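One file, entry39.tsv, carrying TSV, C-alpha atoms (C1' of nucleotides) and all ligand atoms:
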chain	number	residue	atom	x	y	z
M	1142	MET	CA	3.58	10.21	22.61
M	1143	SER	CA	3.84	6.93	20.76
M	1144	GLU	CA	3.56	6.78	17.01
M	1145	ALA	CA	0.49	4.57	17.21
M	1146	ARG	CA	-1.18	6.90	19.67
M	1147	ARG	CA	-0.60	9.88	17.40
M	1148	HIS	CA	-2.26	8.03	14.53
M	1149	LEU	CA	-5.26	7.19	16.64
M	1150	ASP	CA	-5.73	10.73	17.84
M	1151	GLN	CA	-5.45	12.04	14.31
M	1152	ALA	CA	-7.98	9.47	13.10
M	1153	GLU	CA	-10.33	10.47	15.89
M	1154	ALA	CA	-10.12	14.12	14.84
M	1155	LEU	CA	-10.57	13.37	11.14
M	1156	CYS	CA	-13.65	11.24	11.73
M	1157	ARG	CA	-15.20	13.93	13.89
M	1158	GLU	CA	-14.59	16.51	11.14
M	1159	ARG	CA	-16.11	14.24	8.55
M	1160	GLY	CA	-19.13	13.32	10.63
M	1161	VAL	CA	-18.41	9.60	10.59
M	1162	ARG	CA	-18.14	7.34	13.62
M	1163	LEU	CA	-14.89	5.79	14.73
M	1164	THR	CA	-16.59	3.25	16.93
M	1165	PRO	CA	-14.70	1.23	19.55
M	1166	GLN	CA	-14.45	-1.77	17.22
M	1167	ARG	CA	-13.09	0.30	14.38
M	1168	ARG	CA	-10.73	2.04	16.74
M	1169	THR	CA	-9.46	-1.28	18.03
M	1170	VAL	CA	-8.77	-2.56	14.52
M	1171	LEU	CA	-6.97	0.67	13.65
M	1172	ARG	CA	-4.95	0.49	16.87
M	1173	LEU	CA	-3.85	-3.09	16.22
M	1174	ILE	CA	-2.76	-2.16	12.70
M	1175	CYS	CA	-0.88	0.93	13.89
M	1176	GLU	CA	0.85	-0.90	16.73
M	1177	ALA	CA	2.12	-3.68	14.47
M	1178	GLU	CA	5.54	-3.35	12.85
M	1179	ARG	CA	4.37	-5.03	9.69
M	1180	PRO	CA	1.14	-5.42	7.74
M	1181	LEU	CA	-1.48	-7.58	9.42
M	1182	SER	CA	-3.87	-9.91	7.65
M	1183	ALA	CA	-7.56	-9.77	8.51
M	1184	TYR	CA	-7.28	-13.01	10.44
M	1185	GLU	CA	-4.24	-11.86	12.38
M	1186	ILE	CA	-6.30	-8.89	13.47
M	1187	LEU	CA	-9.16	-11.18	14.45
M	1188	ASP	CA	-6.76	-13.24	16.57
M	1189	ARG	CA	-5.62	-10.12	18.41
M	1190	MET	CA	-9.12	-8.75	18.97
M	1191	HIS	CA	-10.40	-11.26	21.46
M	1192	GLN	CA	-8.74	-10.59	24.79
M	1193	GLY	CA	-10.28	-13.37	26.82
M	1194	ALA	CA	-13.63	-13.07	25.09
M	1195	ARG	CA	-14.48	-15.33	22.19
M	1196	ARG	CA	-13.02	-14.52	18.84
M	1197	PRO	CA	-15.32	-12.42	16.64
M	1198	ALA	CA	-16.52	-13.70	13.27
M	1199	PRO	CA	-14.76	-12.58	10.10
M	1200	PRO	CA	-17.38	-10.04	8.96
M	1201	THR	CA	-16.66	-8.04	12.09
M	1202	VAL	CA	-13.11	-7.30	11.09
M	1203	TYR	CA	-13.81	-7.01	7.37
M	1204	ARG	CA	-16.46	-4.38	8.04
M	1205	ALA	CA	-14.12	-2.36	10.20
M	1206	LEU	CA	-11.42	-2.68	7.52
M	1207	ASP	CA	-13.84	-1.47	4.84
M	1208	PHE	CA	-14.63	1.59	6.91
M	1209	LEU	CA	-10.96	2.38	7.59
M	1210	LEU	CA	-10.11	1.94	3.90
M	1211	GLN	CA	-12.95	4.23	2.84
M	1212	GLN	CA	-11.74	6.87	5.26
M	1213	GLY	CA	-8.17	6.51	4.00
M	1214	LEU	CA	-6.93	5.59	7.46
M	1215	ILE	CA	-5.35	2.37	6.27
M	1216	HIS	CA	-4.13	0.88	2.98
M	1217	LYS	CA	-4.34	-2.67	1.70
M	1218	ILE	CA	-1.20	-4.29	0.37
M	1219	GLU	CA	-2.67	-6.44	-2.39
M	1220	SER	CA	0.34	-8.67	-2.87
M	1221	LEU	CA	0.35	-9.58	0.85
M	1222	HIS	CA	-3.39	-9.70	1.57
M	1223	ALA	CA	-2.59	-7.45	4.49
M	1224	PHE	CA	-3.23	-3.98	5.85
M	1225	VAL	CA	-1.05	-1.08	7.02
M	1226	GLY	CA	-1.83	2.24	8.62
M	1227	CYS	CA	-1.58	5.38	6.52
M	1228	LYS	CA	0.73	7.97	8.00
M	1229	HIS	CA	-0.90	10.89	6.20
M	1230	PRO	CA	-4.64	10.28	6.08
M	1231	GLN	CA	-5.68	13.95	5.86
M	1232	HIS	CA	-6.02	13.80	2.09
M	1233	PRO	CA	-7.12	10.34	1.04
M	1234	HIS	CA	-4.81	8.95	-1.61
M	1235	THR	CA	-3.68	5.71	-3.13
M	1236	GLY	CA	-0.39	4.44	-1.87
M	1237	GLN	CA	2.94	3.40	-3.26
M	1238	PHE	CA	4.81	0.93	-1.11
M	1239	LEU	CA	8.22	-0.60	-0.59
M	1240	VAL	CA	7.53	-4.07	0.79
M	1241	CYS	CA	10.45	-5.94	2.36
M	1242	THR	CA	10.02	-9.65	1.81
M	1243	ASP	CA	12.63	-10.45	4.49
M	1244	CYS	CA	11.46	-8.56	7.56
M	1245	GLY	CA	7.94	-7.86	6.31
M	1246	ARG	CA	8.08	-4.12	6.96
M	1247	VAL	CA	6.38	-1.73	4.59
M	1248	ASN	CA	7.41	1.81	3.77
M	1249	GLU	CA	4.90	4.14	2.15
M	1250	ILE	CA	6.37	6.44	-0.48
M	1251	HIS	CA	4.83	9.83	-0.95
M	1252	GLY	CA	4.96	11.98	-4.02
M	1253	ARG	CA	2.97	12.34	-7.15
M	1254	PRO	CA	0.47	9.51	-7.30
M	1255	LEU	CA	2.04	8.18	-10.47
M	1256	GLU	CA	5.23	9.07	-12.18
M	1257	ASP	CA	4.80	10.81	-15.49
M	1258	GLY	CA	6.04	8.04	-17.75
M	1259	LEU	CA	3.57	5.56	-16.41
M	1260	GLN	CA	0.69	8.00	-16.32
M	1261	GLN	CA	1.38	9.08	-19.89
M	1262	ALA	CA	1.39	5.53	-21.13
M	1263	ALA	CA	-2.00	5.05	-19.53
M	1264	ARG	CA	-3.41	8.25	-21.01
M	1265	GLN	CA	-2.09	7.40	-24.45
M	1266	ALA	CA	-3.96	4.12	-24.25
M	1267	GLY	CA	-7.12	6.08	-23.44
M	1268	PHE	CA	-7.12	4.60	-19.99
M	1269	HIS	CA	-8.65	6.36	-17.01
M	1270	THR	CA	-6.87	5.34	-13.82
M	1271	ARG	CA	-9.01	5.07	-10.70
M	1272	LYS	CA	-6.91	3.07	-8.28
M	1273	PRO	CA	-3.20	2.53	-8.87
M	1274	VAL	CA	-1.64	-0.48	-7.15
M	1275	VAL	CA	2.09	0.11	-6.81
M	1276	GLU	CA	3.97	-2.29	-4.54
M	1277	LEU	CA	7.70	-2.78	-4.91
M	1278	LEU	CA	8.66	-6.11	-3.38
M	1279	GLY	CA	12.30	-6.51	-2.39
M	1280	THR	CA	14.65	-6.06	0.54
M	1281	CYS	CA	14.94	-3.02	2.76
M	1282	ALA	CA	18.16	-1.33	3.88
M	1283	HIS	CA	18.16	-3.21	7.18
M	1284	CYS	CA	17.90	-6.58	5.53
M	1285	HIS	CA	20.58	-6.24	2.86
M	1286	GLY	CA	23.38	-8.69	3.30
M	1287	ARG	CA	21.72	-10.32	6.24
M	1288	ASP	CA	21.03	-14.01	5.70
M	1289	CYS	CA	17.49	-13.82	7.02
D	325	MET	CA	-2.64	-17.38	-37.52
D	326	SER	CA	-4.54	-16.60	-34.35
D	327	GLU	CA	-2.99	-14.55	-31.60
D	328	ALA	CA	-3.28	-17.41	-29.12
D	329	ARG	CA	-1.70	-19.83	-31.55
D	330	ARG	CA	1.26	-17.52	-32.06
D	331	HIS	CA	1.81	-17.36	-28.30
D	332	LEU	CA	1.75	-21.10	-27.99
D	333	ASP	CA	4.23	-21.61	-30.80
D	334	GLN	CA	6.54	-19.04	-29.31
D	335	ALA	CA	6.27	-20.67	-25.88
D	336	GLU	CA	7.04	-24.04	-27.43
D	337	ALA	CA	10.19	-22.64	-29.04
D	338	LEU	CA	11.33	-20.85	-25.88
D	339	CYS	CA	10.94	-23.95	-23.73
D	340	ARG	CA	12.89	-26.03	-26.23
D	341	GLU	CA	15.71	-23.46	-26.20
D	342	ARG	CA	15.75	-23.43	-22.41
D	343	GLY	CA	15.64	-27.19	-22.04
D	344	VAL	CA	12.44	-27.19	-20.03
D	345	ARG	CA	9.33	-29.21	-20.78
D	346	LEU	CA	6.11	-27.59	-21.93
D	347	THR	CA	4.04	-30.68	-21.16
D	348	PRO	CA	0.49	-31.13	-22.46
D	349	GLN	CA	-0.99	-29.99	-19.15
D	350	ARG	CA	1.12	-26.87	-19.05
D	351	ARG	CA	0.36	-26.20	-22.69
D	352	THR	CA	-3.36	-26.55	-22.04
D	353	VAL	CA	-3.24	-24.07	-19.18
D	354	LEU	CA	-1.26	-21.63	-21.29
D	355	ARG	CA	-3.68	-22.07	-24.18
D	356	LEU	CA	-6.71	-21.38	-22.01
D	357	ILE	CA	-5.09	-18.24	-20.64
D	358	CYS	CA	-4.09	-17.02	-24.09
D	359	GLU	CA	-7.50	-17.70	-25.60
D	360	ALA	CA	-9.34	-15.79	-22.90
D	361	GLU	CA	-10.09	-12.11	-23.41
D	362	ARG	CA	-9.51	-11.33	-19.77
D	363	PRO	CA	-7.46	-12.70	-16.89
D	364	LEU	CA	-8.55	-16.12	-15.64
D	365	SER	CA	-8.48	-17.25	-12.04
D	366	ALA	CA	-6.94	-20.61	-11.21
D	367	TYR	CA	-10.37	-22.12	-10.66
D	368	GLU	CA	-11.75	-20.74	-13.90
D	369	ILE	CA	-8.89	-22.53	-15.62
D	370	LEU	CA	-9.70	-25.70	-13.71
D	371	ASP	CA	-13.31	-25.49	-14.87
D	372	ARG	CA	-12.21	-25.23	-18.49
D	373	MET	CA	-9.67	-28.06	-18.30
D	374	HIS	CA	-12.02	-30.97	-17.95
D	375	GLN	CA	-13.63	-31.65	-21.29
D	376	GLY	CA	-15.88	-34.51	-20.32
D	377	ALA	CA	-13.33	-36.01	-17.97
D	378	ARG	CA	-13.49	-35.26	-14.27
D	379	ARG	CA	-12.19	-31.96	-13.09
D	380	PRO	CA	-8.56	-32.01	-11.93
D	381	ALA	CA	-7.62	-31.09	-8.36
D	382	PRO	CA	-6.32	-27.59	-7.60
D	383	PRO	CA	-2.62	-28.52	-7.30
D	384	THR	CA	-2.69	-29.56	-10.94
D	385	VAL	CA	-3.40	-26.09	-12.18
D	386	TYR	CA	-1.34	-24.29	-9.55
D	387	ARG	CA	1.71	-26.33	-10.50
D	388	ALA	CA	1.25	-25.52	-14.16
D	389	LEU	CA	0.81	-21.85	-13.28
D	390	ASP	CA	4.02	-21.88	-11.21
D	391	PHE	CA	5.92	-23.27	-14.16
D	392	LEU	CA	4.49	-20.75	-16.60
D	393	LEU	CA	5.23	-17.89	-14.19
D	394	GLN	CA	8.82	-19.06	-13.72
D	395	GLN	CA	9.29	-19.18	-17.47
D	396	GLY	CA	7.80	-15.73	-17.85
D	397	LEU	CA	5.07	-17.03	-20.14
D	398	ILE	CA	2.29	-15.58	-18.00
D	399	HIS	CA	1.89	-12.86	-15.38
D	400	LYS	CA	-0.22	-12.82	-12.27
D	401	ILE	CA	-2.46	-9.81	-11.64
D	402	GLU	CA	-2.26	-9.61	-7.86
D	403	SER	CA	-5.24	-7.35	-7.41
D	404	LEU	CA	-7.47	-9.77	-9.35
D	405	HIS	CA	-6.02	-13.13	-8.25
D	406	ALA	CA	-5.88	-13.93	-11.94
D	407	PHE	CA	-3.46	-14.70	-14.72
D	408	VAL	CA	-2.76	-13.25	-18.16
D	409	GLY	CA	-0.45	-14.33	-20.95
D	410	CYS	CA	2.70	-12.34	-21.56
D	411	LYS	CA	2.99	-11.03	-25.08
D	412	HIS	CA	6.77	-10.71	-25.01
D	413	PRO	CA	8.16	-13.64	-23.01
D	414	GLN	CA	11.58	-13.73	-24.70
D	415	HIS	CA	13.16	-11.69	-21.93
D	416	PRO	CA	11.44	-12.45	-18.65
D	417	HIS	CA	10.33	-9.28	-16.95
D	418	THR	CA	7.90	-7.98	-14.40
D	419	GLY	CA	4.82	-6.41	-15.80
D	420	GLN	CA	2.97	-3.15	-15.60
D	421	PHE	CA	-0.72	-3.41	-16.29
D	422	LEU	CA	-3.77	-1.34	-17.10
D	423	VAL	CA	-6.68	-3.28	-15.65
D	424	CYS	CA	-10.19	-2.29	-16.76
D	425	THR	CA	-12.63	-2.88	-13.94
D	426	ASP	CA	-15.59	-2.62	-16.33
D	427	CYS	CA	-14.81	-5.12	-19.09
D	428	GLY	CA	-12.07	-6.97	-17.23
D	429	ARG	CA	-9.51	-6.66	-20.00
D	430	VAL	CA	-5.87	-6.13	-19.17
D	431	ASN	CA	-3.29	-4.25	-21.20
D	432	GLU	CA	0.39	-4.84	-20.51
D	433	ILE	CA	2.53	-1.71	-20.73
D	434	HIS	CA	6.10	-2.07	-21.89
D	435	GLY	CA	8.93	0.27	-21.20
D	436	ARG	CA	11.45	0.75	-18.47
D	437	PRO	CA	10.51	-1.59	-15.65
D	438	LEU	CA	10.04	1.34	-13.31
D	439	GLU	CA	9.86	4.99	-13.98
D	440	ASP	CA	12.75	7.00	-12.66
D	441	GLY	CA	10.97	8.88	-9.92
D	442	LEU	CA	9.70	5.74	-8.30
D	443	GLN	CA	12.95	3.86	-8.67
D	444	GLN	CA	14.91	6.75	-7.23
D	445	ALA	CA	12.68	6.95	-4.19
D	446	ALA	CA	13.30	3.27	-3.59
D	447	ARG	CA	17.05	3.60	-3.99
D	448	GLN	CA	17.17	6.60	-1.68
D	449	ALA	CA	15.48	4.51	0.98
D	450	GLY	CA	18.19	1.87	0.51
D	451	PHE	CA	15.62	-0.47	-0.92
D	452	HIS	CA	16.49	-3.20	-3.40
D	453	THR	CA	13.53	-3.96	-5.65
D	454	ARG	CA	13.08	-7.56	-6.72
D	455	LYS	CA	9.53	-7.75	-7.98
D	456	PRO	CA	7.57	-4.61	-8.77
D	457	VAL	CA	3.79	-4.93	-8.73
D	458	VAL	CA	2.30	-2.15	-10.84
D	459	GLU	CA	-1.38	-2.48	-11.67
D	460	LEU	CA	-3.43	0.54	-12.66
D	461	LEU	CA	-7.11	-0.18	-12.05
D	462	GLY	CA	-9.58	1.96	-13.95
D	463	THR	CA	-11.58	2.06	-17.16
D	464	CYS	CA	-10.26	1.40	-20.64
D	465	ALA	CA	-10.95	3.47	-23.75
D	466	HIS	CA	-13.77	1.15	-24.84
D	467	CYS	CA	-15.58	1.42	-21.55
D	468	HIS	CA	-15.55	5.18	-21.05
D	469	GLY	CA	-19.01	6.67	-21.02
D	470	ARG	CA	-20.65	3.29	-21.33
D	471	ASP	CA	-22.98	2.50	-18.47
D	472	CYS	CA	-21.68	-1.01	-18.00
B	658	DT	C1'	-41.67	7.81	22.26
B	659	DC	C1'	-41.10	6.44	17.84
B	660	DA	C1'	-39.04	5.90	13.45
B	661	DT	C1'	-34.93	5.50	11.06
B	662	DA	C1'	-30.36	4.63	9.68
B	663	DG	C1'	-26.24	2.77	10.99
B	664	DT	C1'	-23.74	-0.72	13.34
B	665	DT	C1'	-22.86	-5.26	15.12
B	666	DG	C1'	-23.79	-10.40	15.82
B	667	DT	C1'	-24.25	-14.80	13.76
B	668	DT	C1'	-24.42	-18.62	10.60
B	669	DA	C1'	-23.20	-20.40	6.64
B	670	DC	C1'	-20.65	-20.54	2.61
B	671	DA	C1'	-17.56	-19.13	-1.44
B	672	DT	C1'	-13.03	-18.46	-3.21
B	673	DT	C1'	-8.08	-18.86	-3.33
B	674	DA	C1'	-4.06	-21.57	-2.20
B	675	DT	C1'	-0.95	-25.18	-0.16
B	676	DA	C1'	0.91	-29.48	2.47
B	677	DA	C1'	1.88	-34.14	2.20
B	678	DC	C1'	2.43	-38.33	0.15
B	679	DA	C1'	1.49	-41.87	-3.57
B	680	DT	C1'	1.98	-42.92	-8.36
B	681	DT	C1'	3.34	-42.39	-13.01
B	682	DT	C1'	6.24	-40.82	-16.74
B	683	DC	C1'	10.55	-39.53	-18.74
B	684	DA	C1'	15.46	-39.50	-19.67
B	685	DT	C1'	19.79	-41.69	-18.93
B	686	DC	C1'	23.02	-45.14	-18.10
B	687	DC	C1'	24.33	-49.96	-18.02
X	880	DG	C1'	15.87	-53.87	-23.22
X	881	DG	C1'	15.98	-53.17	-18.07
X	882	DA	C1'	17.53	-50.58	-13.93
X	883	DT	C1'	17.58	-46.11	-11.89
X	884	DG	C1'	16.78	-41.44	-10.39
X	885	DA	C1'	14.54	-37.05	-11.42
X	886	DA	C1'	10.61	-34.76	-12.88
X	887	DA	C1'	5.82	-34.50	-13.32
X	888	DT	C1'	1.21	-35.74	-12.05
X	889	DG	C1'	-2.61	-37.73	-9.07
X	890	DT	C1'	-5.01	-37.56	-4.77
X	891	DT	C1'	-6.71	-36.30	-0.30
X	892	DA	C1'	-7.11	-33.18	2.96
X	893	DT	C1'	-6.82	-28.71	4.80
X	894	DA	C1'	-5.35	-23.77	5.32
X	895	DA	C1'	-6.12	-18.96	4.33
X	896	DT	C1'	-8.86	-15.26	2.57
X	897	DG	C1'	-13.30	-13.15	1.81
X	898	DT	C1'	-18.61	-12.54	1.38
X	899	DA	C1'	-23.94	-13.23	1.50
X	900	DA	C1'	-27.88	-12.99	4.15
X	901	DC	C1'	-30.53	-11.97	7.86
X	902	DA	C1'	-31.28	-11.01	12.87
X	903	DA	C1'	-30.44	-8.02	16.73
X	904	DC	C1'	-28.96	-4.00	18.74
X	905	DT	C1'	-27.85	1.16	19.22
X	906	DA	C1'	-27.46	5.90	18.38
X	907	DT	C1'	-29.94	9.90	16.85
X	908	DG	C1'	-33.22	13.18	15.87
X	909	DA	C1'	-38.36	14.27	15.00
M	1301	ZN	ZN	-1.19	6.67	2.79
M	1302	ZN	ZN	13.63	-5.76	5.75
M	1303	ZN	ZN	5.03	-9.53	-19.99
M	1304	ZN	ZN	-12.96	-1.87	-20.45

Written as structure tokens, that's how I'd like the structure from this file.
Amino acid sequence: MSEARRHLDQAEALCRERGVRLTPQRRTVLRLICEAERPLSAYEILDRMHQGARRPAPPTVYRALDFLLQQGLIHKIESLHAFVGCKHPQHPHTGQFLVCTDCGRVNEIHGRPLEDGLQQAARQAGFHTRKPVVELLGTCAHCHGRDC
Amino acid sequence: MSEARRHLDQAEALCRERGVRLTPQRRTVLRLICEAERPLSAYEILDRMHQGARRPAPPTVYRALDFLLQQGLIHKIESLHAFVGCKHPQHPHTGQFLVCTDCGRVNEIHGRPLEDGLQQAARQAGFHTRKPVVELLGTCAHCHGRDC
DNA sequence: TCATAGTTGTTACATTATAACATTTCATCC
DNA sequence: GGATGAAATGTTATAATGTAACAACTATGA
């Protein structure tokens, strides 16, 4: 079974459990994101949604993206204005990402949501973290030394 | 001496050392950013630049921002599309920020550029970090408990 | 069936950012 | 001082990203 297919089936099951509706539109957006090898922007998704039919208007895709974000099925990469599938959506979480600026691929790191040093600094400042944005931009193993 | 004024003087000195030109336009943009209590978007800066005269076109401010970013005099908060002054521009660095989503204020954390756990995960994946984006969104000490 | 909430369609617009090329200003050399 | 090239700025147009507002449709249960 393909990686993308596994994600979709898992999403289907999660939404059923939670009593929310993974409608065909939302499923299509999730599928396009999961099939892509790199993060897709909202407008790239729009371009891939209309197979023959006319291209939907932006709110269509933004609404589907909002739903998928709320359900923790995708993450937004802020520094790219683009979206990636979450590989472990069972327990919604904020992501930490390695973003390759050469090939565009993104790798989600798992582990404690924030490393202690950072979290401590925040606490000491009396700060209450709600949504950490952690995106390490650089080059991935495949792209080292390549002149791409 | 005001905080903003101190930043400007320091920027002036740094640019002289480095042989780059902190022109009046660039200085104005830096001043507006330093005087603000919260990050300013490029267009907010534009709005504040024209004192009586006509408002400059976007490239004007984006070019100044590019220069100030290159010189490490300001940082961009990716998740806000906005810019803040750097309080320690002597040694250019990437920032780590506590971003209050209530009052809008931003607090730059200093310390090791990345905590060990995170950095190790990246290295293990063969990833070479060039620009970390670390922005903790939440509520600051002042805003806790307030219904703002 | 009917009422209701949730979802989608549609139009228009707001915000953020850049490409391309003309013009001006600045520093340097003669 | 005047020529010259590099840097900075002006200007127009447009690309890319994101949202407000309201109408229409659809699923669902009383
Ligand atoms: Zn995830
Ligand atoms: Zn790569
Ligand atoms: Zn800084
Ligand atoms: Zn606050």

Counting only C-alpha atoms (C1' of nucleotides), what is within 10 Å of DT905 of chain X, bar same-chain residues fewer than 5 positions away, as a VMD selection string?
-> chain B and resid 663 to 665

Could you please select, counting all atoms listed in the file, the residues of chain M within 12 Å of chain X and state them as number ranges by chain?
-> M: 1162, 1164, 1182-1185, 1198-1204, 1219, 1221-1223

By how many Å are atom CA of Gln1212 of chain M and atom CA of Gln1166 of chain M apart?
->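 Distance between the two atoms: 15.0 Å.
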
For atom CA of Arg362 of chain D and atom CA of Thr453 of chain D, determine how far apart the two atoms are, in Å to one decimal place.
->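 Going from atom CA of Arg362 of chain D over to atom CA of Thr453 of chain D, I get 28.0 Å.
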
Any residue with an atom at most 7 Å from ligand ZN 1302 (chain M) counts, using all atoms listed in the file. Which are they? Put them as an mmCIF file with C-alpha atoms, in the coordinates of the input.
data_model
loop_
_atom_site.group_PDB
_atom_site.id
_atom_site.type_symbol
_atom_site.label_atom_id
_atom_site.label_comp_id
_atom_site.auth_asym_id
_atom_site.auth_seq_id
_atom_site.Cartn_x
_atom_site.Cartn_y
_atom_site.Cartn_z
ATOM 1 C CA CYS M 1241 10.450 -5.940 2.360
ATOM 2 C CA THR M 1242 10.020 -9.650 1.810
ATOM 3 C CA ASP M 1243 12.630 -10.450 4.490
ATOM 4 C CA CYS M 1244 11.460 -8.560 7.560
ATOM 5 C CA GLY M 1245 7.940 -7.860 6.310
ATOM 6 C CA ARG M 1246 8.080 -4.120 6.960
ATOM 7 C CA THR M 1280 14.650 -6.060 0.540
ATOM 8 C CA CYS M 1281 14.940 -3.020 2.760
ATOM 9 C CA ALA M 1282 18.160 -1.330 3.880
ATOM 10 C CA HIS M 1283 18.160 -3.210 7.180
ATOM 11 C CA CYS M 1284 17.900 -6.580 5.530
#

Length of the atom CA of Gly1279 of chain M to atom CA of His452 of chain D vector [Å] |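 Answer for the atom CA of Gly1279 of chain M to atom CA of His452 of chain D separation: 5.4 Å.
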
Return as a PyMOL selection string the residues belonging to chain B that are within 10 Å of chain D, counting all atoms listed in the file.
-> chain B and resi 672-675

Could you report the residues within 10 Å of ligand ZN 1303 (chain M), using all atoms listed in the file, as a PyMOL selection string?
-> chain D and resi 396-400+408-421+431-434

With C-alpha atoms kept, could you save the residues just selected as a PDB file, in the coordinates of the input?
ATOM      1  CA  GLY D 396       7.800 -15.730 -17.850  1.00  0.00           C
ATOM      2  CA  LEU D 397       5.070 -17.030 -20.140  1.00  0.00           C
ATOM      3  CA  ILE D 398       2.290 -15.580 -18.000  1.00  0.00           C
ATOM      4  CA  HIS D 399       1.890 -12.860 -15.380  1.00  0.00           C
ATOM      5  CA  LYS D 400      -0.220 -12.820 -12.270  1.00  0.00           C
ATOM      6  CA  VAL D 408      -2.760 -13.250 -18.160  1.00  0.00           C
ATOM      7  CA  GLY D 409      -0.450 -14.330 -20.950  1.00  0.00           C
ATOM      8  CA  CYS D 410       2.700 -12.340 -21.560  1.00  0.00           C
ATOM      9  CA  LYS D 411       2.990 -11.030 -25.080  1.00  0.00           C
ATOM     10  CA  HIS D 412       6.770 -10.710 -25.010  1.00  0.00           C
ATOM     11  CA  PRO D 413       8.160 -13.640 -23.010  1.00  0.00           C
ATOM     12  CA  GLN D 414      11.580 -13.730 -24.700  1.00  0.00           C
ATOM     13  CA  HIS D 415      13.160 -11.690 -21.930  1.00  0.00           C
ATOM     14  CA  PRO D 416      11.440 -12.450 -18.650  1.00  0.00           C
ATOM     15  CA  HIS D 417      10.330  -9.280 -16.950  1.00  0.00           C
ATOM     16  CA  THR D 418       7.900  -7.980 -14.400  1.00  0.00           C
ATOM     17  CA  GLY D 419       4.820  -6.410 -15.800  1.00  0.00           C
ATOM     18  CA  GLN D 420       2.970  -3.150 -15.600  1.00  0.00           C
ATOM     19  CA  PHE D 421      -0.720  -3.410 -16.290  1.00  0.00           C
ATOM     20  CA  ASN D 431      -3.290  -4.250 -21.200  1.00  0.00           C
ATOM     21  CA  GLU D 432       0.390  -4.840 -20.510  1.00  0.00           C
ATOM     22  CA  ILE D 433       2.530  -1.710 -20.730  1.00  0.00           C
ATOM     23  CA  HIS D 434       6.100  -2.070 -21.890  1.00  0.00           C
TER      24      HIS D 434
END

Enumerate as a PyMOL selection string the residues belonging to chain M that approach chain D to within 8 Å, with only C-alpha atoms taken into account.
-> chain M and resi 1219-1220+1239+1250+1256-1259+1262-1263+1266-1282

His331 of chain D surroundings by only C-alpha atoms (C1' of nucleotides), 8 Å radius, close-in-sequence under 3 positions cut, as a ChimeraX atom specification | /D:327-328,334-335,358,411

With distances taken over only C-alpha atoms, the candidate from D:Leu364, D:Phe391, D:Val430, D:Gln444 nearest Val344 of chain D is D:Phe391
